[in-house]
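Undergrad: Here's a structure for you.
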Amino acid sequence: MASNVTGSHDVAVHDPVELGELERSILQLMWQHGTLTADQVREELDLLDRPLKDSTVRTVLRRLEEKGYVTHTLDNRTFLYSPAEPAPMVAGRAVKRILEWFCDGSVEQLLVGMVDSSVLDRKELQRLAERIAAAARTEQNRPESKPKNLPAKGVE
């Protein structure tokens with residue numbers, strides 16, 4: 001029988017840029033596999049030529065949980081660890097921090113830099129433009145985004 005025994009952590013408080021290399025590796029495993037025990041994490045790391053002691057893996061998992069990146073449930077006496085949020089959400093917070101540090105909060109500056117340094121190619125830019133256009137259309141069709149109480153055309 002599984003029961004949730006995790007505490008509540010405000011994930012938005014921790015800066016993903018501050019995660020260590022081992023923490024990032026374990027998070028990647030969690031995102032790939034969904035739910036893992038500490039033993040399974042250790043075995044996966046062994047497959048990546050990263051042998052670690054069981055106590056080290058459990059310590060890193062506990063720290064990731066304290067930081068709000070993973071949660072656990074208890075199945076009998078076994079902790080089952082899962083990601084607290086999807087990878088794109090964590091990446092979004094990391095990018096937000098980069099925007100603040102290097103681009104004065106400007107997404108446009110970031111995107112221009114990504115184009116100039118060939119991080120984004122023409123196809124990716126086209127897909128991005130299409131998603132932006134679709135989001136703009138969706139926003140435009142929301143009732144709360146339409147102006148209210150406007151006079152009839154030609155009437156002032």
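Labels used: A, B, ... for chains in the order of the structure tokens, numbers from 1 for residues in each chain, and numbers from 1 for ligands as shown.
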Could you list, with a cut-off of 7 Å and counting only C-alpha atoms, the residues of region 63-141 of chain A near region 30-35 of chain A, each shown with its nearest atom pair and the distance in Å rounded to one decimal, rows sorted by chain and ascending number, as CSV?

TA:
```
residue,atom,partner,partner_atom,distance
A:Leu80,CA,A:Thr35,CA,6.2
A:Tyr81,CA,A:Thr35,CA,5.4
A:Ser82,CA,A:Thr35,CA,4.5
A:Pro83,CA,A:Met30,CA,5.8
A:Ala87,CA,A:Trp31,CA,6.8
```

Undergrad: I'd like the neighbourhood of Arg42 (chain A) as JSON, numbers by chain, where a residue qualifies if any of its atoms comes within 7 Å (using only C-alpha atoms), though same-chain residues fewer than 2 positions away should be ignored.

TA: {"A": [38, 39, 40, 44, 45, 46, 52, 54, 57]}

Undergrad: How about saving the chosen residues, C-alpha atoms kept, as a PDB file, in the first residue's frame?

TA:
```pdb
ATOM      1  CA  ALA A  38      17.135   4.627  -4.523  1.00  0.00           C
ATOM      2  CA  ASP A  39      18.531   1.210  -5.512  1.00  0.00           C
ATOM      3  CA  GLN A  40      17.239   1.634  -9.062  1.00  0.00           C
ATOM      4  CA  GLU A  44      21.112   3.309 -13.477  1.00  0.00           C
ATOM      5  CA  LEU A  45      24.111   5.405 -12.446  1.00  0.00           C
ATOM      6  CA  ASP A  46      26.267   2.250 -12.513  1.00  0.00           C
ATOM      7  CA  LEU A  52      28.180   5.465  -6.151  1.00  0.00           C
ATOM      8  CA  ASP A  54      23.984   3.611  -1.636  1.00  0.00           C
ATOM      9  CA  VAL A  57      22.456   8.217  -3.706  1.00  0.00           C
TER      10      VAL A  57
END
```

Undergrad: Pick out each residue of region 55-133 of chain A that DSSP on the backbone tags as strand (DSSP E); I need them as a compact mmCIF listing (two decimals) with all heavy atoms, in the first residue's frame.

TA:
```
# COMPACT_ATOMS: atom_id res chain seq x y z
N VAL A 70 12.08 16.41 -6.26
CA VAL A 70 11.49 15.07 -6.26
C VAL A 70 10.57 14.94 -5.06
O VAL A 70 10.68 15.69 -4.08
CB VAL A 70 12.55 13.93 -6.25
CG1 VAL A 70 13.45 14.01 -7.46
CG2 VAL A 70 13.35 13.92 -4.98
N THR A 71 9.67 14.01 -5.16
CA THR A 71 8.79 13.64 -4.05
C THR A 71 8.93 12.14 -3.86
O THR A 71 9.50 11.45 -4.71
CB THR A 71 7.32 13.99 -4.35
OG1 THR A 71 6.90 13.25 -5.50
CG2 THR A 71 7.12 15.48 -4.60
N HIS A 72 8.41 11.65 -2.76
CA HIS A 72 8.41 10.20 -2.60
C HIS A 72 7.11 9.73 -1.98
O HIS A 72 6.43 10.49 -1.30
CB HIS A 72 9.62 9.73 -1.77
CG HIS A 72 9.47 9.91 -0.30
ND1 HIS A 72 9.94 11.02 0.36
CD2 HIS A 72 8.90 9.13 0.66
CE1 HIS A 72 9.67 10.92 1.66
NE2 HIS A 72 9.04 9.78 1.85
N THR A 73 6.81 8.49 -2.27
CA THR A 73 5.73 7.78 -1.61
C THR A 73 6.37 6.57 -0.94
O THR A 73 7.49 6.20 -1.27
CB THR A 73 4.63 7.33 -2.60
OG1 THR A 73 5.22 6.54 -3.62
CG2 THR A 73 3.90 8.52 -3.19
N LEU A 74 5.64 5.99 -0.03
CA LEU A 74 6.15 4.84 0.70
C LEU A 74 5.34 3.62 0.29
O LEU A 74 4.12 3.62 0.38
CB LEU A 74 6.02 5.11 2.20
CG LEU A 74 6.81 4.24 3.15
CD1 LEU A 74 8.29 4.29 2.83
CD2 LEU A 74 6.58 4.69 4.58
N ASP A 75 6.04 2.61 -0.21
CA ASP A 75 5.40 1.35 -0.58
C ASP A 75 6.00 0.29 0.34
O ASP A 75 7.15 -0.12 0.17
CB ASP A 75 5.68 1.02 -2.05
CG ASP A 75 4.96 -0.24 -2.51
OD1 ASP A 75 4.06 -0.70 -1.80
OD2 ASP A 75 5.31 -0.75 -3.59
N THR A 78 9.65 0.79 1.32
CA THR A 78 10.49 1.26 0.22
C THR A 78 10.04 2.65 -0.24
O THR A 78 8.87 2.86 -0.51
CB THR A 78 10.41 0.28 -0.97
OG1 THR A 78 10.79 -1.02 -0.50
CG2 THR A 78 11.33 0.71 -2.09
N PHE A 79 11.00 3.59 -0.32
CA PHE A 79 10.71 4.92 -0.85
C PHE A 79 10.70 4.84 -2.37
O PHE A 79 11.64 4.33 -2.99
CB PHE A 79 11.80 5.91 -0.42
CG PHE A 79 11.65 6.43 0.98
CD1 PHE A 79 11.18 5.64 2.02
CD2 PHE A 79 12.01 7.74 1.27
CE1 PHE A 79 11.06 6.13 3.30
CE2 PHE A 79 11.90 8.24 2.55
CZ PHE A 79 11.42 7.44 3.56
N LEU A 80 9.63 5.34 -2.96
CA LEU A 80 9.50 5.44 -4.41
C LEU A 80 9.59 6.92 -4.77
O LEU A 80 8.72 7.71 -4.40
CB LEU A 80 8.17 4.87 -4.89
CG LEU A 80 7.90 3.40 -4.56
CD1 LEU A 80 6.48 3.02 -4.96
CD2 LEU A 80 8.92 2.50 -5.24
N TYR A 81 10.66 7.30 -5.46
CA TYR A 81 10.91 8.70 -5.79
C TYR A 81 10.38 9.02 -7.19
O TYR A 81 10.52 8.23 -8.12
CB TYR A 81 12.41 8.99 -5.75
CG TYR A 81 12.98 8.91 -4.37
CD1 TYR A 81 13.53 7.73 -3.89
CD2 TYR A 81 12.96 10.01 -3.52
CE1 TYR A 81 14.06 7.64 -2.62
CE2 TYR A 81 13.49 9.94 -2.24
CZ TYR A 81 14.04 8.75 -1.80
OH TYR A 81 14.55 8.67 -0.53
N SER A 82 9.78 10.21 -7.32
CA SER A 82 9.25 10.69 -8.59
C SER A 82 9.61 12.15 -8.76
O SER A 82 9.75 12.87 -7.76
CB SER A 82 7.72 10.55 -8.63
OG SER A 82 7.33 9.22 -8.46
N PRO A 83 9.70 12.63 -10.00
CA PRO A 83 9.94 14.06 -10.20
C PRO A 83 8.75 14.86 -9.69
O PRO A 83 7.60 14.47 -9.87
CB PRO A 83 10.08 14.21 -11.71
CG PRO A 83 10.02 12.85 -12.29
CD PRO A 83 9.60 11.89 -11.24
```

Undergrad: Considering only C-alpha atoms, return as a PDB file with N, CA, C and O atoms, in the first residue's frame whatever protein or nucleic-acid residues lie within 10 Å of Leu64 (chain A), sequence-local ones (same chain, fewer than 4 positions apart) excluded.

TA:
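Result saved to result_4.pdb:
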```pdb
ATOM      1  N   LEU A  19      21.862  23.625  -9.097  1.00  0.00           N
ATOM      2  CA  LEU A  19      21.945  22.170  -8.946  1.00  0.00           C
ATOM      3  C   LEU A  19      23.334  21.678  -9.338  1.00  0.00           C
ATOM      4  O   LEU A  19      23.919  22.134 -10.324  1.00  0.00           O
ATOM      5  N   GLU A  23      23.221  15.934  -8.984  1.00  0.00           N
ATOM      6  CA  GLU A  23      21.777  16.197  -8.828  1.00  0.00           C
ATOM      7  C   GLU A  23      21.097  16.250 -10.186  1.00  0.00           C
ATOM      8  O   GLU A  23      20.013  15.674 -10.368  1.00  0.00           O
ATOM      9  N   ARG A  24      21.725  16.924 -11.147  1.00  0.00           N
ATOM     10  CA  ARG A  24      21.141  17.007 -12.496  1.00  0.00           C
ATOM     11  C   ARG A  24      21.073  15.618 -13.140  1.00  0.00           C
ATOM     12  O   ARG A  24      20.078  15.287 -13.790  1.00  0.00           O
ATOM     13  N   ILE A  26      20.778  12.715 -11.654  1.00  0.00           N
ATOM     14  CA  ILE A  26      19.702  11.941 -11.020  1.00  0.00           C
ATOM     15  C   ILE A  26      18.339  12.460 -11.457  1.00  0.00           C
ATOM     16  O   ILE A  26      17.427  11.677 -11.741  1.00  0.00           O
ATOM     17  N   LEU A  27      18.198  13.777 -11.567  1.00  0.00           N
ATOM     18  CA  LEU A  27      16.931  14.331 -12.058  1.00  0.00           C
ATOM     19  C   LEU A  27      16.642  13.847 -13.477  1.00  0.00           C
ATOM     20  O   LEU A  27      15.492  13.509 -13.800  1.00  0.00           O
ATOM     21  N   ARG A  58      21.139   8.044  -1.679  1.00  0.00           N
ATOM     22  CA  ARG A  58      20.035   8.403  -0.790  1.00  0.00           C
ATOM     23  C   ARG A  58      20.172   9.843  -0.278  1.00  0.00           C
ATOM     24  O   ARG A  58      19.174  10.561  -0.156  1.00  0.00           O
ATOM     25  N   THR A  59      21.387  10.281  -0.025  1.00  0.00           N
ATOM     26  CA  THR A  59      21.611  11.659   0.415  1.00  0.00           C
ATOM     27  C   THR A  59      21.233  12.647  -0.682  1.00  0.00           C
ATOM     28  O   THR A  59      20.558  13.652  -0.420  1.00  0.00           O
ATOM     29  N   VAL A  60      21.629  12.359  -1.916  1.00  0.00           N
ATOM     30  CA  VAL A  60      21.298  13.254  -3.031  1.00  0.00           C
ATOM     31  C   VAL A  60      19.787  13.281  -3.258  1.00  0.00           C
ATOM     32  O   VAL A  60      19.200  14.351  -3.472  1.00  0.00           O
ATOM     33  N   GLY A  68      12.740  20.452  -3.452  1.00  0.00           N
ATOM     34  CA  GLY A  68      11.458  20.438  -4.144  1.00  0.00           C
ATOM     35  C   GLY A  68      11.463  19.825  -5.527  1.00  0.00           C
ATOM     36  O   GLY A  68      10.490  19.952  -6.262  1.00  0.00           O
ATOM     37  N   TYR A  69      12.543  19.143  -5.907  1.00  0.00           N
ATOM     38  CA  TYR A  69      12.623  18.572  -7.249  1.00  0.00           C
ATOM     39  C   TYR A  69      12.058  17.165  -7.351  1.00  0.00           C
ATOM     40  O   TYR A  69      11.650  16.743  -8.429  1.00  0.00           O
ATOM     41  N   VAL A  70      12.082  16.411  -6.265  1.00  0.00           N
ATOM     42  CA  VAL A  70      11.492  15.074  -6.262  1.00  0.00           C
ATOM     43  C   VAL A  70      10.572  14.939  -5.059  1.00  0.00           C
ATOM     44  O   VAL A  70      10.681  15.694  -4.080  1.00  0.00           O
ATOM     45  N   THR A  71       9.671  14.008  -5.160  1.00  0.00           N
ATOM     46  CA  THR A  71       8.792  13.644  -4.050  1.00  0.00           C
ATOM     47  C   THR A  71       8.926  12.138  -3.858  1.00  0.00           C
ATOM     48  O   THR A  71       9.501  11.453  -4.709  1.00  0.00           O
ATOM     49  N   PRO A  83       9.703  12.627 -10.001  1.00  0.00           N
ATOM     50  CA  PRO A  83       9.945  14.058 -10.204  1.00  0.00           C
ATOM     51  C   PRO A  83       8.751  14.864  -9.691  1.00  0.00           C
ATOM     52  O   PRO A  83       7.600  14.469  -9.869  1.00  0.00           O
ATOM     53  N   ALA A  84       9.034  15.985  -9.061  1.00  0.00           N
ATOM     54  CA  ALA A  84       7.960  16.841  -8.544  1.00  0.00           C
ATOM     55  C   ALA A  84       7.306  17.643  -9.655  1.00  0.00           C
ATOM     56  O   ALA A  84       6.142  18.035  -9.542  1.00  0.00           O
TER      57      ALA A  84
END
```

Undergrad: Mind running region 3-80 of chain A against region 91-112 of chain A at 7 Å and telling me each contacting residue's nearest atom pair with the distance in Å (one decimal), counting only C-alpha atoms, chain and number ascending, as a Markdown table?

TA:
```
| residue | atom | partner | partner_atom | distance |
| --- | --- | --- | --- | --- |
| A:Asp15 | CA | A:Ala94 | CA | 6.9 |
| A:Pro16 | CA | A:Ala94 | CA | 5.5 |
| A:Val17 | CA | A:Ala94 | CA | 5.7 |
```

Undergrad: Quick one: pick out all helix (DSSP H, G or I) residues within chain A from a backbone DSSP run and write them as a PyMOL selection string.

TA: chain A and resi 11-13+16-18+21-33+38-47+54-66+87-102+107-116+122-141+143-145

Undergrad: So how many Å separate CA of His14 (chain A) and CA of Met114 (chain A), to one decimal?

TA: 25.2 Å

Undergrad: When you draw a straight line from CA of Val90 (chain A) to CA of Glu66 (chain A), how long is it in Å?

TA: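 Straight-line distance from CA of Val90 (chain A) to CA of Glu66 (chain A) works out to 15.3 Å.
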
Undergrad: In Å, with one decimal, what is the gap from CA of Arg62 (chain A) to CA of Pro86 (chain A)?

TA: 18.4 Å
